[in-house]
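A.B. asks: Supplied structure: entry-v8.txt, compact mmCIF, N, CA and C atoms.
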# COMPACT_ATOMS: atom_id res chain seq x y z
N ASP C 1 -17.81 -19.78 -3.84
CA ASP C 1 -17.43 -21.16 -3.72
C ASP C 1 -18.55 -22.06 -4.24
N GLN C 2 -18.41 -23.36 -4.02
CA GLN C 2 -19.40 -24.31 -4.52
C GLN C 2 -20.77 -24.15 -3.87
N LYS C 3 -20.81 -23.52 -2.70
CA LYS C 3 -22.07 -23.32 -1.98
C LYS C 3 -22.71 -21.97 -2.27
N GLY C 4 -22.07 -21.19 -3.15
CA GLY C 4 -22.61 -19.88 -3.49
C GLY C 4 -22.27 -18.78 -2.51
N GLN C 5 -21.32 -19.04 -1.62
CA GLN C 5 -20.89 -18.05 -0.64
C GLN C 5 -19.85 -17.11 -1.23
N VAL C 6 -19.92 -15.85 -0.87
CA VAL C 6 -18.94 -14.86 -1.33
C VAL C 6 -17.65 -15.08 -0.56
N LEU C 7 -16.55 -15.24 -1.29
CA LEU C 7 -15.25 -15.46 -0.66
C LEU C 7 -14.50 -14.16 -0.46
N PHE C 8 -14.69 -13.23 -1.38
CA PHE C 8 -13.97 -11.96 -1.31
C PHE C 8 -14.77 -10.92 -2.06
N GLU C 9 -14.94 -9.77 -1.48
CA GLU C 9 -15.71 -8.70 -2.12
C GLU C 9 -14.84 -7.46 -2.20
N ILE C 10 -14.93 -6.79 -3.33
CA ILE C 10 -14.13 -5.58 -3.55
C ILE C 10 -15.07 -4.40 -3.75
N LYS C 11 -14.84 -3.35 -3.01
CA LYS C 11 -15.61 -2.11 -3.15
C LYS C 11 -14.71 -1.09 -3.83
N LEU C 12 -15.16 -0.55 -4.94
CA LEU C 12 -14.37 0.42 -5.69
C LEU C 12 -14.59 1.83 -5.16
N ALA C 13 -13.52 2.59 -5.14
CA ALA C 13 -13.61 4.00 -4.78
C ALA C 13 -14.12 4.77 -6.00
N GLU C 14 -14.59 5.97 -5.77
CA GLU C 14 -15.12 6.79 -6.86
C GLU C 14 -14.08 7.06 -7.94
N ASN C 15 -12.81 7.24 -7.54
CA ASN C 15 -11.79 7.58 -8.54
C ASN C 15 -11.53 6.43 -9.51
N ALA C 16 -11.95 5.21 -9.19
CA ALA C 16 -11.78 4.08 -10.09
C ALA C 16 -12.68 4.21 -11.32
N ALA C 17 -13.74 4.97 -11.22
CA ALA C 17 -14.67 5.12 -12.34
C ALA C 17 -14.04 5.85 -13.52
N PHE C 18 -12.99 6.59 -13.28
CA PHE C 18 -12.35 7.35 -14.35
C PHE C 18 -11.09 6.68 -14.87
N SER C 19 -10.83 5.47 -14.45
CA SER C 19 -9.65 4.73 -14.87
C SER C 19 -10.00 3.75 -15.98
N THR C 20 -9.01 3.46 -16.79
CA THR C 20 -9.22 2.47 -17.84
C THR C 20 -8.81 1.07 -17.39
N CYS C 21 -8.20 0.99 -16.20
CA CYS C 21 -7.77 -0.29 -15.65
C CYS C 21 -7.73 -0.16 -14.12
N VAL C 22 -8.04 -1.24 -13.42
CA VAL C 22 -7.99 -1.23 -11.95
C VAL C 22 -7.27 -2.50 -11.48
N GLU C 23 -6.28 -2.31 -10.64
CA GLU C 23 -5.57 -3.43 -10.02
C GLU C 23 -6.36 -3.77 -8.75
N PHE C 24 -7.02 -4.92 -8.73
CA PHE C 24 -7.95 -5.24 -7.65
C PHE C 24 -7.28 -5.84 -6.42
N VAL C 25 -6.54 -6.91 -6.60
CA VAL C 25 -6.00 -7.63 -5.44
C VAL C 25 -4.56 -8.05 -5.67
N LYS C 26 -3.91 -8.37 -4.57
CA LYS C 26 -2.57 -8.95 -4.59
C LYS C 26 -2.69 -10.32 -3.92
N LEU C 27 -2.28 -11.37 -4.63
CA LEU C 27 -2.28 -12.72 -4.08
C LEU C 27 -0.87 -13.08 -3.66
N THR C 28 -0.73 -13.54 -2.43
CA THR C 28 0.58 -13.92 -1.91
C THR C 28 0.48 -15.32 -1.32
N ARG C 29 1.45 -16.16 -1.63
CA ARG C 29 1.48 -17.52 -1.09
C ARG C 29 2.69 -17.65 -0.17
N ASN C 30 2.46 -18.07 1.07
CA ASN C 30 3.56 -18.19 2.02
C ASN C 30 4.23 -19.57 1.90
N ASP C 31 5.25 -19.80 2.71
CA ASP C 31 6.01 -21.04 2.65
C ASP C 31 5.17 -22.27 3.01
N ALA C 32 4.12 -22.08 3.79
CA ALA C 32 3.24 -23.19 4.18
C ALA C 32 2.19 -23.49 3.12
N GLY C 33 2.18 -22.72 2.02
CA GLY C 33 1.24 -22.94 0.94
C GLY C 33 -0.10 -22.26 1.14
N GLU C 34 -0.21 -21.40 2.14
CA GLU C 34 -1.45 -20.67 2.39
C GLU C 34 -1.46 -19.38 1.58
N TRP C 35 -2.63 -19.00 1.11
CA TRP C 35 -2.78 -17.80 0.29
C TRP C 35 -3.32 -16.64 1.13
N THR C 36 -2.81 -15.45 0.84
CA THR C 36 -3.31 -14.22 1.44
C THR C 36 -3.80 -13.33 0.30
N VAL C 37 -4.99 -12.76 0.48
CA VAL C 37 -5.55 -11.85 -0.50
C VAL C 37 -5.55 -10.45 0.11
N THR C 38 -4.90 -9.51 -0.58
CA THR C 38 -4.83 -8.13 -0.12
C THR C 38 -5.61 -7.26 -1.09
N ASN C 39 -6.55 -6.50 -0.57
CA ASN C 39 -7.35 -5.59 -1.40
C ASN C 39 -6.50 -4.37 -1.75
N LEU C 40 -6.30 -4.12 -3.04
CA LEU C 40 -5.51 -2.97 -3.49
C LEU C 40 -6.40 -1.86 -4.02
N THR C 41 -7.28 -2.20 -4.95
CA THR C 41 -8.17 -1.25 -5.62
C THR C 41 -7.42 -0.01 -6.07
N ASN C 42 -6.35 -0.23 -6.84
CA ASN C 42 -5.53 0.86 -7.37
C ASN C 42 -5.99 1.23 -8.77
N PRO C 43 -6.58 2.40 -8.96
CA PRO C 43 -6.92 2.83 -10.31
C PRO C 43 -5.64 3.07 -11.10
N ILE C 44 -5.61 2.60 -12.31
CA ILE C 44 -4.44 2.75 -13.17
C ILE C 44 -4.93 3.26 -14.52
N GLY C 45 -4.18 4.13 -15.13
CA GLY C 45 -4.54 4.61 -16.45
C GLY C 45 -5.44 5.83 -16.43
N VAL C 46 -5.39 6.59 -15.36
CA VAL C 46 -6.23 7.79 -15.27
C VAL C 46 -5.78 8.82 -16.30
N SER C 47 -4.48 8.93 -16.50
CA SER C 47 -3.96 9.98 -17.38
C SER C 47 -3.73 9.49 -18.80
N LYS C 48 -3.81 8.18 -19.04
CA LYS C 48 -3.55 7.63 -20.37
C LYS C 48 -4.77 6.86 -20.85
N ALA C 49 -4.83 6.64 -22.13
CA ALA C 49 -5.96 5.92 -22.71
C ALA C 49 -5.88 4.41 -22.47
N ASN C 50 -4.66 3.90 -22.23
CA ASN C 50 -4.50 2.46 -22.09
C ASN C 50 -3.96 2.10 -20.71
N GLY C 51 -4.83 1.91 -19.74
CA GLY C 51 -4.42 1.57 -18.39
C GLY C 51 -3.77 0.21 -18.29
N LEU C 52 -4.15 -0.74 -19.17
CA LEU C 52 -3.53 -2.05 -19.13
C LEU C 52 -2.04 -1.94 -19.44
N GLU C 53 -1.68 -1.09 -20.37
CA GLU C 53 -0.26 -0.86 -20.67
C GLU C 53 0.45 -0.29 -19.44
N ASP C 54 -0.18 0.62 -18.73
CA ASP C 54 0.40 1.18 -17.51
C ASP C 54 0.60 0.10 -16.45
N LEU C 55 -0.36 -0.81 -16.33
CA LEU C 55 -0.26 -1.90 -15.37
C LEU C 55 0.90 -2.82 -15.72
N LEU C 56 1.04 -3.18 -16.98
CA LEU C 56 2.14 -4.03 -17.40
C LEU C 56 3.49 -3.36 -17.18
N ASP C 57 3.55 -2.06 -17.44
CA ASP C 57 4.79 -1.31 -17.20
C ASP C 57 5.17 -1.34 -15.72
N LYS C 58 4.18 -1.32 -14.85
CA LYS C 58 4.44 -1.34 -13.40
C LYS C 58 5.18 -2.60 -12.99
N TYR C 59 4.85 -3.74 -13.59
CA TYR C 59 5.43 -5.02 -13.20
C TYR C 59 6.57 -5.49 -14.11
N ASN C 60 6.84 -4.79 -15.19
CA ASN C 60 7.92 -5.17 -16.09
C ASN C 60 9.18 -4.36 -15.86
N LYS C 61 9.28 -3.71 -14.71
CA LYS C 61 10.47 -2.89 -14.42
C LYS C 61 11.51 -3.71 -13.72
Translate this structure into structure tokens?

C.D. replies:
Amino acid sequence: DQKGQVLFEIKLAENAAFSTCVEFVKLTRNDAGEWTVTNLTNPIGVSKANGLEDLLDKYNK
């Protein structure tokens, strides 16, 4: 934030080191306009060279 405070920290698991893409967080906004941040840390693209393509395929279904 403006004061230099950490708002959200993500710790990666070891299996993320072998991925070409990592899905870090899920942002959700409720009816009151408040945001929720969910830590996902999902490694994507472990078996393929292009993890970003795998990530896009996940949400384009």

A.B. asks: Which neighbours of region 2-19 of chain C fall inside 8 Å, counting only C-alpha atoms, when residues of the same chain fewer than 2 positions from it are skipped, and could you give them as a PDB file with N, CA and C atoms, in the frame of the given file?

C.D. replies:
ATOM      1  N   CYS C  21      -8.200   0.990 -16.200  1.00  0.00           N
ATOM      2  CA  CYS C  21      -7.770  -0.290 -15.650  1.00  0.00           C
ATOM      3  C   CYS C  21      -7.730  -0.160 -14.120  1.00  0.00           C
ATOM      4  N   VAL C  22      -8.040  -1.240 -13.420  1.00  0.00           N
ATOM      5  CA  VAL C  22      -7.990  -1.230 -11.950  1.00  0.00           C
ATOM      6  C   VAL C  22      -7.270  -2.500 -11.480  1.00  0.00           C
ATOM      7  N   PHE C  24      -7.020  -4.920  -8.730  1.00  0.00           N
ATOM      8  CA  PHE C  24      -7.950  -5.240  -7.650  1.00  0.00           C
ATOM      9  C   PHE C  24      -7.280  -5.840  -6.420  1.00  0.00           C
ATOM     10  N   ASN C  39      -6.550  -6.500  -0.570  1.00  0.00           N
ATOM     11  CA  ASN C  39      -7.350  -5.590  -1.400  1.00  0.00           C
ATOM     12  C   ASN C  39      -6.500  -4.370  -1.750  1.00  0.00           C
ATOM     13  N   THR C  41      -7.280  -2.200  -4.950  1.00  0.00           N
ATOM     14  CA  THR C  41      -8.170  -1.250  -5.620  1.00  0.00           C
ATOM     15  C   THR C  41      -7.420  -0.010  -6.070  1.00  0.00           C
ATOM     16  N   ASN C  42      -6.350  -0.230  -6.840  1.00  0.00           N
ATOM     17  CA  ASN C  42      -5.530   0.860  -7.370  1.00  0.00           C
ATOM     18  C   ASN C  42      -5.990   1.230  -8.770  1.00  0.00           C
ATOM     19  N   PRO C  43      -6.580   2.400  -8.960  1.00  0.00           N
ATOM     20  CA  PRO C  43      -6.920   2.830 -10.310  1.00  0.00           C
ATOM     21  C   PRO C  43      -5.640   3.070 -11.100  1.00  0.00           C
ATOM     22  N   ILE C  44      -5.610   2.600 -12.310  1.00  0.00           N
ATOM     23  CA  ILE C  44      -4.440   2.750 -13.170  1.00  0.00           C
ATOM     24  C   ILE C  44      -4.930   3.260 -14.520  1.00  0.00           C
ATOM     25  N   GLY C  45      -4.180   4.130 -15.130  1.00  0.00           N
ATOM     26  CA  GLY C  45      -4.540   4.610 -16.450  1.00  0.00           C
ATOM     27  C   GLY C  45      -5.440   5.830 -16.430  1.00  0.00           C
ATOM     28  N   VAL C  46      -5.390   6.590 -15.360  1.00  0.00           N
ATOM     29  CA  VAL C  46      -6.230   7.790 -15.270  1.00  0.00           C
ATOM     30  C   VAL C  46      -5.780   8.820 -16.300  1.00  0.00           C
ATOM     31  N   GLY C  51      -4.830   1.910 -19.740  1.00  0.00           N
ATOM     32  CA  GLY C  51      -4.420   1.570 -18.390  1.00  0.00           C
ATOM     33  C   GLY C  51      -3.770   0.210 -18.290  1.00  0.00           C
TER      34      GLY C  51
END

A.B. asks: DSSP on the backbone, then: every residue of region 10-61 of chain C marked strand (DSSP E or B), written as an NGL selection string.

C.D. replies: :C and (21-29 or 35-44)

A.B. asks: Give me, please, the distance in Å between CA of Arg29 (chain C) and CA of Asp57 (chain C), quoted to one decimal.

C.D. replies: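 Separation of CA of Arg29 (chain C) and CA of Asp57 (chain C): 23.1 Å.
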
A.B. asks: In Å, how far is it from CA of Lys58 (chain C) to atom N of Asp31 (chain C)?

C.D. replies: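 Atom N of Asp31 (chain C) lies at a distance of 24.5 Å from CA of Lys58 (chain C).
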
A.B. asks: Please compute the atom N of Val37 (chain C)-atom N of Asp1 (chain C) distance, one decimal, in Å.

C.D. replies: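 Separation of atom N of Val37 (chain C) and atom N of Asp1 (chain C): 15.2 Å.
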
A.B. asks: Mind writing chain C to a file for me, with C-alpha atoms, as a PDB file, in the first residue's frame?

C.D. replies:
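This went into out_36.pdb:
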ATOM      1  CA  ASP C   1       0.000   0.000   0.000  1.00  0.00           C
ATOM      2  CA  GLN C   2       0.997   3.666   0.158  1.00  0.00           C
ATOM      3  CA  LYS C   3       2.680   3.090   3.535  1.00  0.00           C
ATOM      4  CA  GLY C   4       4.839   0.227   2.265  1.00  0.00           C
ATOM      5  CA  GLN C   5       2.866  -2.444   4.125  1.00  0.00           C
ATOM      6  CA  VAL C   6       2.462  -5.903   2.604  1.00  0.00           C
ATOM      7  CA  LEU C   7      -1.184  -6.491   1.744  1.00  0.00           C
ATOM      8  CA  PHE C   8      -0.924 -10.068   0.527  1.00  0.00           C
ATOM      9  CA  GLU C   9       1.952 -12.530   0.392  1.00  0.00           C
ATOM     10  CA  ILE C  10       2.127 -15.697  -1.653  1.00  0.00           C
ATOM     11  CA  LYS C  11       4.384 -18.622  -0.795  1.00  0.00           C
ATOM     12  CA  LEU C  12       5.081 -20.969  -3.687  1.00  0.00           C
ATOM     13  CA  ALA C  13       5.239 -24.710  -3.279  1.00  0.00           C
ATOM     14  CA  GLU C  14       8.236 -26.596  -4.654  1.00  0.00           C
ATOM     15  CA  ASN C  15       6.225 -28.025  -7.558  1.00  0.00           C
ATOM     16  CA  ALA C  16       5.667 -24.472  -8.874  1.00  0.00           C
ATOM     17  CA  ALA C  17       9.350 -24.284  -9.790  1.00  0.00           C
ATOM     18  CA  PHE C  18       8.808 -26.739 -12.632  1.00  0.00           C
ATOM     19  CA  SER C  19       5.804 -24.947 -14.121  1.00  0.00           C
ATOM     20  CA  THR C  20       5.812 -22.461 -16.948  1.00  0.00           C
ATOM     21  CA  CYS C  21       2.838 -20.613 -15.440  1.00  0.00           C
ATOM     22  CA  VAL C  22       1.344 -20.241 -11.946  1.00  0.00           C
ATOM     23  CA  GLU C  23      -2.193 -19.155 -11.088  1.00  0.00           C
ATOM     24  CA  PHE C  24      -1.604 -17.143  -7.911  1.00  0.00           C
ATOM     25  CA  VAL C  25      -4.894 -15.778  -6.610  1.00  0.00           C
ATOM     26  CA  LYS C  26      -8.621 -15.642  -7.175  1.00  0.00           C
ATOM     27  CA  LEU C  27     -10.286 -12.248  -6.710  1.00  0.00           C
ATOM     28  CA  THR C  28     -13.973 -12.268  -5.854  1.00  0.00           C
ATOM     29  CA  ARG C  29     -16.233  -9.250  -5.355  1.00  0.00           C
ATOM     30  CA  ASN C  30     -19.419  -9.698  -3.340  1.00  0.00           C
ATOM     31  CA  ASP C  31     -22.704  -7.796  -3.669  1.00  0.00           C
ATOM     32  CA  ALA C  32     -21.569  -5.225  -1.081  1.00  0.00           C
ATOM     33  CA  GLY C  33     -18.537  -4.373  -3.241  1.00  0.00           C
ATOM     34  CA  GLU C  34     -16.004  -5.983  -0.895  1.00  0.00           C
ATOM     35  CA  TRP C  35     -13.133  -7.990  -2.360  1.00  0.00           C
ATOM     36  CA  THR C  36     -11.939 -11.405  -1.211  1.00  0.00           C
ATOM     37  CA  VAL C  37      -8.499 -12.703  -2.150  1.00  0.00           C
ATOM     38  CA  THR C  38      -8.064 -16.483  -2.206  1.00  0.00           C
ATOM     39  CA  ASN C  39      -4.575 -17.965  -2.432  1.00  0.00           C
ATOM     40  CA  LEU C  40      -4.540 -20.633  -5.164  1.00  0.00           C
ATOM     41  CA  THR C  41      -0.876 -21.166  -6.081  1.00  0.00           C
ATOM     42  CA  ASN C  42      -1.827 -23.644  -8.812  1.00  0.00           C
ATOM     43  CA  PRO C  43       1.117 -24.643 -10.999  1.00  0.00           C
ATOM     44  CA  ILE C  44       0.006 -24.830 -14.620  1.00  0.00           C
ATOM     45  CA  GLY C  45       1.920 -26.040 -17.628  1.00  0.00           C
ATOM     46  CA  VAL C  46       3.979 -28.746 -15.966  1.00  0.00           C
ATOM     47  CA  SER C  47       3.510 -31.129 -18.877  1.00  0.00           C
ATOM     48  CA  LYS C  48       3.511 -28.562 -21.703  1.00  0.00           C
ATOM     49  CA  ALA C  49       5.921 -25.882 -22.815  1.00  0.00           C
ATOM     50  CA  ASN C  50       3.295 -23.129 -22.734  1.00  0.00           C
ATOM     51  CA  GLY C  51       1.554 -22.891 -19.362  1.00  0.00           C
ATOM     52  CA  LEU C  52      -0.110 -19.606 -20.289  1.00  0.00           C
ATOM     53  CA  GLU C  53      -1.991 -21.423 -23.053  1.00  0.00           C
ATOM     54  CA  ASP C  54      -3.086 -24.035 -20.493  1.00  0.00           C
ATOM     55  CA  LEU C  55      -4.311 -21.277 -18.174  1.00  0.00           C
ATOM     56  CA  LEU C  56      -6.326 -19.628 -20.942  1.00  0.00           C
ATOM     57  CA  ASP C  57      -7.826 -22.981 -21.914  1.00  0.00           C
ATOM     58  CA  LYS C  58      -8.948 -23.453 -18.294  1.00  0.00           C
ATOM     59  CA  TYR C  59     -11.082 -20.283 -18.407  1.00  0.00           C
ATOM     60  CA  ASN C  60     -12.212 -20.404 -22.054  1.00  0.00           C
ATOM     61  CA  LYS C  61     -14.317 -23.546 -21.624  1.00  0.00           C
TER      62      LYS C  61
END
